[in-house]
file work17.txt (compact mmCIF, C-alpha atoms)
# COMPACT_ATOMS: atom_id res chain seq x y z
CA MET A 67 -123.33 60.68 -35.31
CA SER A 68 -122.92 56.95 -35.00
CA ALA A 69 -124.41 55.09 -32.04
CA SER A 70 -121.77 53.46 -29.86
CA SER A 71 -122.89 49.90 -30.58
CA PRO A 72 -124.66 48.43 -33.60
CA LEU A 73 -128.41 48.93 -33.69
CA GLN A 74 -131.22 47.39 -35.67
CA VAL A 75 -132.19 50.26 -37.92
CA ALA A 76 -134.58 51.46 -40.59
CA VAL A 77 -133.01 53.58 -43.34
CA LEU A 78 -134.85 56.40 -45.09
CA LEU A 79 -134.19 55.64 -48.76
CA SER A 80 -135.40 58.17 -51.32
CA GLY A 81 -133.55 56.62 -54.22
CA GLY A 82 -131.30 59.65 -54.47
CA LEU A 83 -127.56 59.52 -54.27
CA ASP A 84 -127.15 60.37 -50.58
CA SER A 85 -129.62 57.89 -49.11
CA SER A 86 -128.34 55.12 -51.40
CA VAL A 87 -124.91 55.61 -49.82
CA ALA A 88 -126.48 55.85 -46.35
CA LEU A 89 -128.06 52.44 -46.87
CA ARG A 90 -124.65 50.85 -47.50
CA TRP A 91 -123.06 52.83 -44.66
CA ALA A 92 -125.78 51.53 -42.33
CA GLN A 93 -125.14 47.97 -43.48
CA ARG A 94 -121.48 48.39 -42.56
CA GLU A 95 -122.16 50.00 -39.15
CA HIS A 96 -125.50 48.55 -38.02
CA ARG A 97 -128.05 45.87 -38.83
CA VAL A 98 -130.48 47.16 -41.46
CA ARG A 99 -133.94 45.68 -41.00
CA LEU A 100 -135.89 47.95 -43.34
CA ALA A 101 -135.54 50.55 -46.04
CA LEU A 102 -138.40 53.06 -46.06
CA SER A 103 -139.42 55.21 -49.01
CA PHE A 104 -142.26 57.70 -49.20
CA ASN A 105 -144.52 58.38 -52.12
CA TYR A 106 -145.49 61.95 -51.35
CA GLY A 107 -146.67 63.01 -54.77
CA SER A 108 -143.47 64.74 -55.86
CA ASN A 109 -142.68 65.43 -59.51
CA HIS A 110 -139.79 63.02 -59.46
CA GLY A 111 -141.34 60.39 -57.24
CA SER A 112 -141.74 57.54 -59.71
CA HIS A 113 -138.10 57.57 -60.87
CA GLU A 114 -136.81 58.06 -57.34
CA LEU A 115 -138.90 55.17 -56.04
CA ALA A 116 -137.74 52.88 -58.84
CA CYS A 117 -134.15 53.65 -57.88
CA ALA A 118 -134.95 53.10 -54.20
CA GLY A 119 -136.34 49.69 -55.07
CA PHE A 120 -133.20 48.85 -57.05
CA GLN A 121 -130.89 49.94 -54.23
CA ALA A 122 -132.82 48.05 -51.55
CA GLU A 123 -132.94 44.90 -53.63
CA SER A 124 -129.26 45.00 -54.50
CA ALA A 125 -128.48 45.49 -50.81
CA GLY A 126 -130.79 42.61 -49.88
CA VAL A 127 -132.91 44.79 -47.59
CA PRO A 128 -136.72 44.60 -47.29
CA HIS A 129 -138.21 47.73 -48.84
CA ARG A 130 -141.46 49.41 -47.89
CA VAL A 131 -142.97 52.29 -49.84
CA ILE A 132 -145.27 54.37 -47.65
CA ASP A 133 -147.95 56.17 -49.62
CA ILE A 134 -148.63 59.60 -48.17
CA SER A 135 -149.53 61.23 -51.47
CA SER A 136 -152.89 62.27 -49.99
CA ILE A 137 -151.01 64.81 -47.89
CA ALA A 138 -149.49 66.56 -50.90
CA GLN A 139 -152.59 68.64 -51.68
CA HIS A 140 -152.22 70.29 -48.27
CA LEU A 141 -148.55 71.21 -48.71
CA ASP A 142 -147.28 74.21 -50.63
CA SER A 143 -144.22 73.46 -52.80
CA ALA A 144 -143.05 73.72 -56.41
CA LEU A 145 -141.82 70.16 -55.98
CA LEU A 146 -145.42 69.00 -55.83
CA ASN A 147 -146.68 71.12 -58.75
CA GLY A 148 -145.21 69.55 -61.87
CA ALA A 149 -141.97 69.90 -63.79
CA ALA A 150 -142.78 73.34 -65.23
CA ALA A 151 -142.62 74.82 -61.72
CA ILE A 152 -138.95 73.77 -61.35
CA PRO A 153 -136.48 76.48 -62.43
CA ALA A 154 -133.65 75.45 -64.81
CA GLU A 155 -130.90 77.31 -63.02
CA PRO A 156 -128.35 76.80 -60.24
CA TYR A 157 -129.52 76.87 -56.65
CA ASN A 158 -130.03 80.25 -55.11
CA GLU A 159 -131.99 81.16 -52.04
CA GLU A 160 -135.14 81.98 -53.98
CA ASN A 161 -135.41 78.85 -56.12
CA MET A 162 -134.33 76.56 -53.29
CA ARG A 163 -137.06 78.04 -51.19
CA GLN A 164 -139.67 77.24 -53.86
CA THR A 165 -138.72 73.58 -53.72
CA VAL A 166 -139.02 73.31 -49.96
CA VAL A 167 -141.73 70.86 -48.97
CA PRO A 168 -142.70 72.23 -45.57
CA PHE A 169 -141.40 70.00 -42.77
CA ARG A 170 -140.82 67.11 -45.16
CA ASN A 171 -138.05 65.51 -43.12
CA GLY A 172 -140.09 66.00 -39.97
CA ILE A 173 -143.01 64.15 -41.56
CA PHE A 174 -140.79 61.35 -42.91
CA LEU A 175 -138.99 60.92 -39.59
CA ALA A 176 -142.18 60.92 -37.53
CA ILE A 177 -143.82 58.24 -39.66
CA ALA A 178 -140.55 56.32 -39.74
CA ALA A 179 -140.41 56.50 -35.94
CA GLY A 180 -143.84 54.87 -35.65
CA ILE A 181 -142.91 52.15 -38.12
CA THR A 182 -139.45 51.62 -36.62
CA GLU A 183 -140.88 51.26 -33.12
CA SER A 184 -143.52 48.86 -34.45
CA ALA A 185 -140.81 46.77 -36.13
CA GLY A 186 -138.84 46.50 -32.90
CA CYS A 187 -135.85 48.45 -34.18
CA GLY A 188 -133.72 50.90 -32.23
CA GLY A 189 -132.80 53.57 -34.75
CA ILE A 190 -133.53 55.50 -37.92
CA VAL A 191 -130.90 56.54 -40.46
CA ILE A 192 -131.32 59.73 -42.51
CA ALA A 193 -128.90 60.99 -45.16
CA ALA A 194 -129.28 64.76 -44.69
CA HIS A 195 -125.96 66.44 -45.48
CA SER A 196 -124.27 69.81 -45.16
CA GLY A 197 -125.26 71.01 -48.64
CA ASP A 198 -128.95 70.82 -47.71
CA HIS A 199 -128.67 73.17 -44.79
CA ALA A 200 -128.85 76.62 -46.33
CA VAL A 201 -132.54 76.90 -47.08
CA TYR A 202 -134.10 73.66 -45.85
CA PRO A 203 -134.55 74.16 -42.12
CA ASP A 204 -135.48 70.53 -41.53
CA CYS A 205 -132.09 69.37 -42.85
CA ARG A 206 -130.02 71.21 -40.25
CA GLU A 207 -128.37 69.69 -37.22
CA SER A 208 -130.39 71.98 -34.91
CA PHE A 209 -133.55 70.35 -36.28
CA MET A 210 -132.03 66.88 -36.13
CA GLN A 211 -131.06 67.30 -32.49
CA ALA A 212 -134.58 68.38 -31.55
CA MET A 213 -136.16 65.63 -33.63
CA GLU A 214 -133.86 63.05 -32.07
CA ALA A 215 -135.02 64.20 -28.64
CA ALA A 216 -138.64 63.97 -29.82
CA VAL A 217 -138.37 60.44 -31.24
CA ALA A 218 -136.51 59.33 -28.12
CA ALA A 219 -139.01 60.88 -25.70
CA GLY A 220 -142.02 59.78 -27.74
CA THR A 221 -141.22 56.06 -28.09
CA HIS A 222 -140.91 53.21 -25.62
CA ALA A 223 -137.67 52.08 -27.29
CA ARG A 224 -136.21 55.61 -27.07
CA LEU A 225 -135.22 55.49 -30.74
CA HIS A 226 -131.95 56.89 -31.99
CA LEU A 227 -131.75 59.18 -34.99
CA LEU A 228 -128.56 58.57 -36.97
CA ARG A 229 -127.46 61.23 -39.46
CA PRO A 230 -123.99 60.10 -40.56
CA PHE A 231 -123.58 62.75 -43.30
CA ILE A 232 -124.83 65.81 -41.46
CA ASP A 233 -121.39 67.45 -41.57
CA GLN A 234 -120.31 66.06 -44.95
CA ASP A 235 -120.77 67.40 -48.46
CA LYS A 236 -122.09 65.52 -51.46
CA ALA A 237 -118.61 64.90 -52.88
CA ALA A 238 -117.55 63.16 -49.68
CA ILE A 239 -120.71 61.06 -49.80
CA ILE A 240 -119.93 60.03 -53.38
CA ARG A 241 -116.38 59.05 -52.43
CA LEU A 242 -117.74 56.91 -49.59
CA GLY A 243 -120.31 55.40 -51.95
CA VAL A 244 -117.59 54.39 -54.37
CA ARG A 245 -115.76 52.57 -51.58
CA LEU A 246 -119.01 50.87 -50.52
CA GLY A 247 -119.84 49.77 -54.06
CA VAL A 248 -122.95 51.90 -54.65
CA ASP A 249 -124.20 51.76 -58.24
CA PHE A 250 -124.80 55.46 -58.83
CA ALA A 251 -126.33 54.85 -62.26
CA HIS A 252 -129.40 53.69 -60.34
CA THR A 253 -129.86 56.80 -58.23
CA TYR A 254 -132.08 59.71 -59.20
CA SER A 255 -131.84 63.40 -58.34
CA CYS A 256 -133.63 65.52 -60.98
CA TYR A 257 -136.44 67.72 -59.64
CA LYS A 258 -138.01 67.90 -63.10
CA GLY A 259 -138.80 64.22 -62.86
CA GLY A 260 -138.19 63.18 -66.48
CA GLU A 261 -137.03 59.79 -67.73
CA ARG A 262 -133.46 61.11 -67.95
CA HIS A 263 -131.90 63.71 -65.64
CA CYS A 264 -132.52 67.16 -67.18
CA GLY A 265 -129.02 68.38 -66.31
CA VAL A 266 -130.07 72.01 -65.79
CA CYS A 267 -132.25 72.10 -62.68
CA ALA A 268 -130.48 72.97 -59.45
CA THR A 269 -130.34 69.39 -58.18
CA CYS A 270 -128.88 68.12 -61.47
CA ARG A 271 -126.23 70.87 -61.39
CA GLU A 272 -125.41 69.97 -57.80
CA ARG A 273 -125.15 66.30 -58.75
CA LYS A 274 -122.78 66.99 -61.67
CA GLN A 275 -120.61 69.24 -59.53
CA ALA A 276 -120.39 66.70 -56.71
CA PHE A 277 -119.11 63.96 -59.07
CA ARG A 278 -116.53 66.44 -60.46
CA GLN A 279 -115.42 67.40 -56.95
CA ALA A 280 -115.24 63.75 -55.90
CA GLY A 281 -113.01 63.00 -58.89
CA THR A 282 -115.35 60.16 -59.86
CA ALA A 283 -116.81 59.36 -63.25
CA ASP A 284 -120.47 60.46 -63.36
CA PRO A 285 -122.54 57.58 -64.80
CA THR A 286 -125.64 59.76 -65.20
CA SER A 287 -127.24 60.26 -68.61
CA TYR A 288 -128.20 63.96 -68.74
CA GLU A 289 -130.43 65.59 -71.35
CA ALA A 290 -128.28 68.74 -71.30
CA MET B 125 -148.59 76.89 -22.51
CA SER B 126 -150.18 79.88 -24.20
CA ALA B 127 -148.17 82.07 -26.58
CA SER B 128 -147.84 85.62 -25.34
CA SER B 129 -149.84 87.14 -28.19
CA PRO B 130 -152.61 85.64 -30.34
CA LEU B 131 -151.45 83.46 -33.20
CA GLN B 132 -153.10 82.10 -36.28
CA VAL B 133 -153.35 78.44 -35.43
CA ALA B 134 -154.38 75.02 -36.66
CA VAL B 135 -156.09 72.80 -34.06
CA LEU B 136 -155.71 69.03 -33.98
CA LEU B 137 -159.32 67.86 -33.67
CA SER B 138 -159.93 64.16 -33.17
CA GLY B 139 -163.60 64.53 -32.33
CA GLY B 140 -162.94 63.38 -28.79
CA LEU B 141 -163.83 65.36 -25.74
CA ASP B 142 -160.44 66.99 -25.10
CA SER B 143 -159.76 68.31 -28.58
CA SER B 144 -163.33 69.60 -28.91
CA VAL B 145 -162.67 71.76 -25.86
CA ALA B 146 -159.24 72.72 -27.20
CA LEU B 147 -160.90 74.04 -30.35
CA ARG B 148 -163.09 76.43 -28.33
CA TRP B 149 -160.18 77.36 -26.07
CA ALA B 150 -158.13 78.22 -29.17
CA GLN B 151 -160.96 80.37 -30.52
CA ARG B 152 -160.95 82.32 -27.28
CA GLU B 153 -157.15 82.75 -27.12
CA HIS B 154 -156.03 82.76 -30.76
CA ARG B 155 -157.31 82.93 -34.32
CA VAL B 156 -158.25 79.47 -35.52
CA ARG B 157 -157.68 79.06 -39.23
CA LEU B 158 -158.03 75.31 -39.53
CA ALA B 159 -159.13 72.20 -37.68
CA LEU B 160 -157.19 69.09 -38.70
CA SER B 161 -158.36 65.52 -38.26
CA PHE B 162 -156.58 62.34 -39.28
CA ASN B 163 -158.10 59.20 -40.66
CA TYR B 164 -155.48 56.70 -39.55
CA GLY B 165 -157.52 53.55 -39.80
CA SER B 166 -158.45 53.28 -36.13
CA ASN B 167 -161.38 51.19 -34.91
CA HIS B 168 -163.26 54.27 -33.79
CA GLY B 169 -162.27 56.55 -36.65
CA SER B 170 -165.59 56.99 -38.41
CA HIS B 171 -167.50 58.07 -35.30
CA GLU B 172 -164.66 60.28 -34.12
CA LEU B 173 -164.41 61.98 -37.51
CA ALA B 174 -168.15 62.59 -37.65
CA CYS B 175 -167.93 64.29 -34.27
CA ALA B 176 -164.90 66.29 -35.41
CA GLY B 177 -166.90 67.49 -38.39
CA PHE B 178 -169.78 68.50 -36.13
CA GLN B 179 -167.51 70.39 -33.74
CA ALA B 180 -165.65 72.24 -36.51
CA GLU B 181 -168.88 73.21 -38.23
CA SER B 182 -170.52 74.43 -35.07
CA ALA B 183 -167.40 76.47 -34.32
CA GLY B 184 -167.39 77.85 -37.87
CA VAL B 185 -163.88 76.60 -38.55
CA PRO B 186 -162.71 75.05 -41.85
CA HIS B 187 -162.13 71.34 -41.32
CA ARG B 188 -159.66 69.15 -43.18
CA VAL B 189 -159.52 65.39 -42.79
CA ILE B 190 -156.08 64.04 -43.68
CA ASP B 191 -156.16 60.45 -44.86
CA ILE B 192 -153.13 58.54 -43.63
CA SER B 193 -154.89 55.19 -43.33
CA SER B 194 -152.26 53.69 -45.65
CA ILE B 195 -149.77 53.98 -42.78
CA ALA B 196 -151.86 51.84 -40.42
CA GLN B 197 -150.70 48.51 -41.87
CA HIS B 198 -147.15 49.42 -40.80
CA LEU B 199 -148.04 50.28 -37.19
CA ASP B 200 -148.54 47.78 -34.41
CA SER B 201 -151.52 48.58 -32.15
CA ALA B 202 -154.72 47.00 -30.86
CA LEU B 203 -156.39 50.28 -31.79
CA LEU B 204 -155.88 49.42 -35.45
CA ASN B 205 -156.96 45.78 -35.19
CA GLY B 206 -160.71 45.84 -34.69
CA ALA B 207 -163.01 46.10 -31.69
CA ALA B 208 -162.33 42.57 -30.43
CA ALA B 209 -158.75 43.55 -29.64
CA ILE B 210 -159.90 46.22 -27.16
CA PRO B 211 -160.17 44.96 -23.56
CA ALA B 212 -163.42 45.71 -21.65
CA GLU B 213 -161.76 46.74 -18.42
CA PRO B 214 -160.33 49.80 -16.69
CA TYR B 215 -156.99 51.16 -17.82
CA ASN B 216 -153.94 49.42 -16.48
CA GLU B 217 -150.41 49.54 -17.77
CA GLU B 218 -150.82 46.43 -19.88
CA ASN B 219 -154.03 47.28 -21.70
CA MET B 220 -153.07 50.91 -22.17
CA ARG B 221 -149.85 49.74 -23.76
CA GLN B 222 -151.79 47.60 -26.23
CA THR B 223 -153.68 50.64 -27.46
CA VAL B 224 -150.59 52.73 -28.02
CA VAL B 225 -150.23 53.67 -31.68
CA PRO B 226 -146.47 54.11 -31.91
CA PHE B 227 -145.52 57.79 -32.16
CA ARG B 228 -149.08 58.77 -33.14
CA ASN B 229 -148.86 62.30 -31.78
CA GLY B 230 -145.45 62.72 -33.38
CA ILE B 231 -146.91 61.71 -36.76
CA PHE B 232 -149.95 63.96 -36.35
CA LEU B 233 -147.86 66.93 -35.23
CA ALA B 234 -145.29 66.53 -38.00
CA ILE B 235 -147.93 66.43 -40.74
CA ALA B 236 -149.77 69.28 -39.04
CA ALA B 237 -146.54 71.29 -39.01
CA GLY B 238 -146.17 70.93 -42.78
CA ILE B 239 -149.80 71.91 -43.37
CA THR B 240 -149.70 74.72 -40.83
CA GLU B 241 -146.57 76.20 -42.39
CA SER B 242 -148.13 75.86 -45.85
CA ALA B 243 -151.25 77.69 -44.64
CA GLY B 244 -149.19 80.58 -43.29
CA CYS B 245 -150.13 79.98 -39.66
CA GLY B 246 -147.87 80.36 -36.64
CA GLY B 247 -148.95 77.60 -34.30
CA ILE B 248 -150.49 74.20 -33.71
CA VAL B 249 -152.80 73.34 -30.80
CA ILE B 250 -152.89 69.83 -29.33
CA ALA B 251 -155.15 68.68 -26.49
CA ALA B 252 -152.83 66.17 -24.78
CA HIS B 253 -153.57 66.16 -21.04
CA SER B 254 -152.13 64.82 -17.80
CA GLY B 255 -154.21 61.63 -17.82
CA ASP B 256 -152.56 60.52 -21.06
CA HIS B 257 -149.07 60.58 -19.68
CA ALA B 258 -148.66 57.30 -17.88
CA VAL B 259 -148.17 54.94 -20.79
CA TYR B 260 -148.30 57.09 -23.91
CA PRO B 261 -144.81 58.56 -24.19
CA ASP B 262 -145.81 60.94 -26.97
CA CYS B 263 -148.37 62.64 -24.70
CA ARG B 264 -145.83 63.77 -22.09
CA GLU B 265 -144.46 67.25 -21.67
CA SER B 266 -140.91 65.99 -22.25
CA PHE B 267 -142.00 64.85 -25.70
CA MET B 268 -143.96 68.05 -26.33
CA GLN B 269 -140.95 70.20 -25.47
CA ALA B 270 -138.72 68.28 -27.85
CA MET B 271 -141.36 68.30 -30.59
CA GLU B 272 -141.89 72.02 -30.14
CA ALA B 273 -138.16 72.54 -30.64
CA ALA B 274 -138.31 70.33 -33.75
CA VAL B 275 -141.26 72.11 -35.38
CA ALA B 276 -139.66 75.48 -34.57
CA ALA B 277 -136.24 74.52 -35.93
CA GLY B 278 -137.69 72.72 -38.95
CA THR B 279 -139.97 75.48 -40.30
CA HIS B 280 -139.34 78.94 -41.71
CA ALA B 281 -142.14 80.35 -39.54
CA ARG B 282 -140.63 78.74 -36.42
CA LEU B 283 -144.03 77.30 -35.47
CA HIS B 284 -145.27 77.23 -31.90
CA LEU B 285 -146.74 74.11 -30.33
CA LEU B 286 -149.53 74.98 -27.90
CA ARG B 287 -150.63 72.31 -25.41
CA PRO B 288 -153.02 74.14 -23.08
CA PHE B 289 -154.15 71.03 -21.18
CA ILE B 290 -150.82 69.33 -20.62
CA ASP B 291 -151.03 69.80 -16.84
CA GLN B 292 -154.81 69.41 -16.54
CA ASP B 293 -156.97 66.37 -16.04
CA LYS B 294 -160.04 65.39 -18.02
CA ALA B 295 -162.46 66.69 -15.38
CA ALA B 296 -160.89 70.16 -15.59
CA ILE B 297 -161.16 70.02 -19.36
CA ILE B 298 -164.86 69.16 -19.11
CA ARG B 299 -165.46 72.04 -16.73
CA LEU B 300 -163.75 74.42 -19.15
CA GLY B 301 -165.76 72.94 -22.02
CA VAL B 302 -169.01 73.61 -20.17
CA ARG B 303 -168.02 77.26 -19.77
CA LEU B 304 -167.09 77.46 -23.47
CA GLY B 305 -170.37 75.88 -24.58
CA VAL B 306 -169.02 72.62 -26.00
CA ASP B 307 -171.77 70.16 -26.97
CA PHE B 308 -170.32 66.99 -25.43
CA ALA B 309 -173.08 64.82 -26.87
CA HIS B 310 -171.20 65.19 -30.17
CA THR B 311 -167.84 63.98 -28.96
CA TYR B 312 -166.67 60.39 -29.19
CA SER B 313 -164.25 58.42 -27.01
CA CYS B 314 -164.98 54.68 -27.23
CA TYR B 315 -162.06 52.54 -28.44
CA LYS B 316 -164.46 49.77 -29.49
CA GLY B 317 -165.79 52.07 -32.18
CA GLY B 318 -169.48 51.11 -32.05
CA GLU B 319 -172.45 53.31 -32.89
CA ARG B 320 -172.96 53.97 -29.15
CA HIS B 321 -170.21 54.20 -26.54
CA CYS B 322 -169.67 50.69 -25.11
CA GLY B 323 -169.29 51.99 -21.56
CA VAL B 324 -166.84 49.30 -20.48
CA CYS B 325 -163.61 49.88 -22.41
CA ALA B 326 -160.97 51.88 -20.61
CA THR B 327 -161.66 55.11 -22.49
CA CYS B 328 -165.39 54.89 -21.81
CA ARG B 329 -164.71 54.33 -18.10
CA GLU B 330 -162.35 57.28 -18.08
CA ARG B 331 -164.98 59.43 -19.81
CA LYS B 332 -167.71 58.50 -17.31
CA GLN B 333 -165.42 59.14 -14.38
CA ALA B 334 -164.33 62.53 -15.71
CA PHE B 335 -167.94 63.73 -16.02
CA ARG B 336 -168.60 62.51 -12.47
CA GLN B 337 -165.50 64.29 -11.17
CA ALA B 338 -166.42 67.45 -13.04
CA GLY B 339 -169.87 67.41 -11.44
CA THR B 340 -171.43 67.73 -14.89
CA ALA B 341 -174.25 65.72 -16.39
CA ASP B 342 -172.87 63.17 -18.86
CA PRO B 343 -174.92 63.36 -22.09
CA THR B 344 -173.36 60.16 -23.48
CA SER B 345 -175.57 57.19 -24.38
CA TYR B 346 -173.65 54.12 -23.16
CA GLU B 347 -174.47 50.50 -23.99
CA ALA B 348 -173.46 49.39 -20.47
call {"tool": "encode", "arguments": {"input": "work17.txt", "output": "structure tokens"}}
result
Amino acid sequence: MSASSPLQVAVLLSGGLDSSVALRWAQREHRVRLALSFNYGSNHGSHELACAGFQAESAGVPHRVIDISSIAQHLDSALLNGAAAIPAEPYNEENMRQTVVPFRNGIFLAIAAGITESAGCGGIVIAAHSGDHAVYPDCRESFMQAMEAAVAAGTHARLHLLRPFIDQDKAAIIRLGVRLGVDFAHTYSCYKGGERHCGVCATCRERKQAFRQAGTADPTSYEA
Amino acid sequence: MSASSPLQVAVLLSGGLDSSVALRWAQREHRVRLALSFNYGSNHGSHELACAGFQAESAGVPHRVIDISSIAQHLDSALLNGAAAIPAEPYNEENMRQTVVPFRNGIFLAIAAGITESAGCGGIVIAAHSGDHAVYPDCRESFMQAMEAAVAAGTHARLHLLRPFIDQDKAAIIRLGVRLGVDFAHTYSCYKGGERHCGVCATCRERKQAFRQAGTADPTSYEA
């Protein structure tokens, strides 16, 4: 979903694996003016944000952390309720659903649209990928298409919404990241939010599996 | 744009005239579970929010004020830069454009969607009206349609977005408010943000004119 000519863009950068690759992809395809991270009070926020800072700095991109943690008390999600609420088992529909933060991508994209328009940019890059689709409705292409129409209609610049990985899986993203020189040791995925990746929560299992499928050495230090 | 059967809804309540009427409209047509206001660091925020509190309390509706003032520093608008930045003249394209807060309604609606889904409600009510359309792209029906598709696609509950006034002007809203018993003395419009309405900024002029057009006594105490 690449725009036909290079745009000035803001990249949503969580500090996870996918958005860290998206940042480098955007540098190859567009002109990256800003990397935007959100502190939304999640269990794993501090480690994610530290990785986001590392990735932005090593890419030479200005990094803004937007504090919306005051919203967290109004949102219902295990991801906002401490590590003990995160199940130590592979993803299934039930435990994925617990970790949904209602309309999280919608909230991130809307705020990013306001900031991107204010900064005089023409597009936003988000790293949502095919593995997110099953239970997270705001990661699906149907949502992205509607949200793209909303950010276009609702801004003077008629912003674009770029989602380069929407049809790709995490292994493909890792392979691209390797080619683009992403330092995966400084990306963070664990929903438990500990110093090291726990290795047993659903996101850690997904991360391990994706490195195996990509045929790439996994630099992550897991507890288990 | 009323849903066919009553919904449990959250109402966006700025404390202005339009949303105060929307709250009473929603009570007549739906079941109002929440009124949501945003502190986004605007010049006129404190007076607006006080009026929002009054309106919610007199309607007997739980009121939540969501603090997103930390976002303001990243948004470019005269509305966020103090009273001196607000021109004392009727609306024209140039001065309306200065007061645009980029993608404000998109940001409000996205956060409201997350909160509304978390609260188990089925819809959001917003009071955008025909007079807002000219320069504010995120007040137009084309934006509302896209945003409705986004909040539906991006939530498990497939939320509705109700915009009862989208084809009405401010005078019609006032007439409806009179029938619904809205106390307009406790609504606030002035973009200067003073204790009393200035009477000369574009929103004050629009407010005066709407009361005149509605043929209703204007209870507002204006400085000029």
call {"tool": "residues_near_point", "arguments": {"input": "work17.txt", "point": "(-167.7, 70.5, -29.2)", "cutoff": "12 Å", "atoms": "all atoms listed in the file", "output": "JSON, numbers by chain"}}
result
{"B": [137, 138, 139, 140, 141, 142, 143, 144, 145, 146, 147, 148, 149, 172, 174, 175, 176, 177, 178, 179, 180, 181, 182, 183, 184, 185, 297, 298, 300, 301, 302, 303, 304, 305, 306, 307, 308, 309, 310, 311, 312]}
call {"tool": "write_last_selection", "arguments": {"input": "work17.txt", "atoms": "C-alpha atoms", "output": "compact mmCIF listing (two decimals), in the frame of the given file"}}
result
# COMPACT_ATOMS: atom_id res chain seq x y z
CA LEU B 137 -159.32 67.86 -33.67
CA SER B 138 -159.93 64.16 -33.17
CA GLY B 139 -163.60 64.53 -32.33
CA GLY B 140 -162.94 63.38 -28.79
CA LEU B 141 -163.83 65.36 -25.74
CA ASP B 142 -160.44 66.99 -25.10
CA SER B 143 -159.76 68.31 -28.58
CA SER B 144 -163.33 69.60 -28.91
CA VAL B 145 -162.67 71.76 -25.86
CA ALA B 146 -159.24 72.72 -27.20
CA LEU B 147 -160.90 74.04 -30.35
CA ARG B 148 -163.09 76.43 -28.33
CA TRP B 149 -160.18 77.36 -26.07
CA GLU B 172 -164.66 60.28 -34.12
CA ALA B 174 -168.15 62.59 -37.65
CA CYS B 175 -167.93 64.29 -34.27
CA ALA B 176 -164.90 66.29 -35.41
CA GLY B 177 -166.90 67.49 -38.39
CA PHE B 178 -169.78 68.50 -36.13
CA GLN B 179 -167.51 70.39 -33.74
CA ALA B 180 -165.65 72.24 -36.51
CA GLU B 181 -168.88 73.21 -38.23
CA SER B 182 -170.52 74.43 -35.07
CA ALA B 183 -167.40 76.47 -34.32
CA GLY B 184 -167.39 77.85 -37.87
CA VAL B 185 -163.88 76.60 -38.55
CA ILE B 297 -161.16 70.02 -19.36
CA ILE B 298 -164.86 69.16 -19.11
CA LEU B 300 -163.75 74.42 -19.15
CA GLY B 301 -165.76 72.94 -22.02
CA VAL B 302 -169.01 73.61 -20.17
CA ARG B 303 -168.02 77.26 -19.77
CA LEU B 304 -167.09 77.46 -23.47
CA GLY B 305 -170.37 75.88 -24.58
CA VAL B 306 -169.02 72.62 -26.00
CA ASP B 307 -171.77 70.16 -26.97
CA PHE B 308 -170.32 66.99 -25.43
CA ALA B 309 -173.08 64.82 -26.87
CA HIS B 310 -171.20 65.19 -30.17
CA THR B 311 -167.84 63.98 -28.96
CA TYR B 312 -166.67 60.39 -29.19
call {"tool": "residues_around", "arguments": {"input": "work17.txt", "residues": "B:Phe232", "least_positions_apart": "3", "cutoff": "10 Å", "atoms": "only C-alpha atoms", "output": "ChimeraX atom specification"}}
result
/A:173,176-177 /B:136,160-162,164,190,192,227-229,235-237,250
call {"tool": "closest_atom_pairs", "arguments": {"input": "work17.txt", "of": "chain A", "to": "chain B", "cutoff": "10 Å", "atoms": "all atoms listed in the file", "output": "tab-separated table"}}
result
residue	atom	partner	partner_atom	distance
A:Arg130	CA	B:His198	CA	9.1
A:Val131	CA	B:Ile195	CA	9.9
A:Ile132	CA	B:Ile195	CA	6.6
A:Asp133	CA	B:Ser194	CA	6.4
A:Ile134	CA	B:Ile192	CA	6.5
A:Ser135	CA	B:Ile192	CA	9.0
A:Ser136	CA	B:Asp191	CA	6.3
A:Ile137	CA	B:Ile190	CA	6.6
A:Ala138	CA	B:Ile239	CA	9.2
A:Gln139	CA	B:Ile239	CA	9.4
A:His140	CA	B:Ile239	CA	5.7
A:Leu141	CA	B:Ser242	CA	5.5
A:Asp142	CA	B:Ser242	CA	5.1
A:Ser143	CA	B:Ser242	CA	8.3
A:Arg163	CA	B:His280	CA	9.8
A:Val166	CA	B:Thr279	CA	9.9
A:Val167	CA	B:Gly238	CA	7.6
A:Pro168	CA	B:Gly238	CA	4.6
A:Phe169	CA	B:Gly238	CA	4.9
A:Arg170	CA	B:Gly238	CA	7.0
A:Asn171	CA	B:Gly278	CA	8.3
A:Gly172	CA	B:Ala234	CA	5.6
A:Ile173	CA	B:Ala234	CA	4.9
A:Phe174	CA	B:Ala234	CA	8.4
A:Leu175	CA	B:Ile231	CA	8.4
A:Ala176	CA	B:Ile231	CA	4.9
A:Ile177	CA	B:Ile231	CA	5.5
A:Ala178	CA	B:Ile231	CA	8.9
A:Ala179	CA	B:Phe227	CA	6.5
A:Gly180	CA	B:Pro226	CA	4.6
A:Ile181	CA	B:Leu199	CA	5.5
A:Thr182	CA	B:Leu199	CA	8.7
A:Glu183	CA	B:Pro226	CA	6.4
A:Ser184	CA	B:Asp200	CA	5.1
A:Ala185	CA	B:Asp200	CA	8.0
A:Gly186	CA	B:Asp200	CA	9.9
A:Val201	CA	B:His280	CA	8.9
A:Tyr202	CA	B:Gly278	CA	7.8
A:Pro203	CA	B:Gly278	CA	4.7
A:Asp204	CA	B:Gly278	CA	4.0
A:Cys205	CA	B:Gly278	CA	7.6
A:Arg206	CA	B:Gly278	CA	7.9
A:Glu207	CA	B:Ala277	CA	9.3
A:Ser208	CA	B:Ala277	CA	6.5
A:Phe209	CA	B:Ala277	CA	5.0
A:Met210	CA	B:Ala274	CA	7.6
A:Gln211	CA	B:Ala274	CA	8.0
A:Ala212	CA	B:Ala274	CA	4.7
A:Met213	CA	B:Ala274	CA	5.2
A:Glu214	CA	B:Ala270	CA	8.3
A:Ala215	CA	B:Ala270	CA	5.6
A:Ala216	CA	B:Ala270	CA	4.7
A:Val217	CA	B:Phe227	CA	7.7
A:Ala218	CA	B:Phe267	CA	8.2
A:Ala219	CA	B:Phe267	CA	5.0
A:Gly220	CA	B:Asp262	CA	4.0
A:Thr221	CA	B:Pro261	CA	5.9
A:His222	CA	B:Pro261	CA	6.8
A:Arg224	CA	B:Pro261	CA	9.5
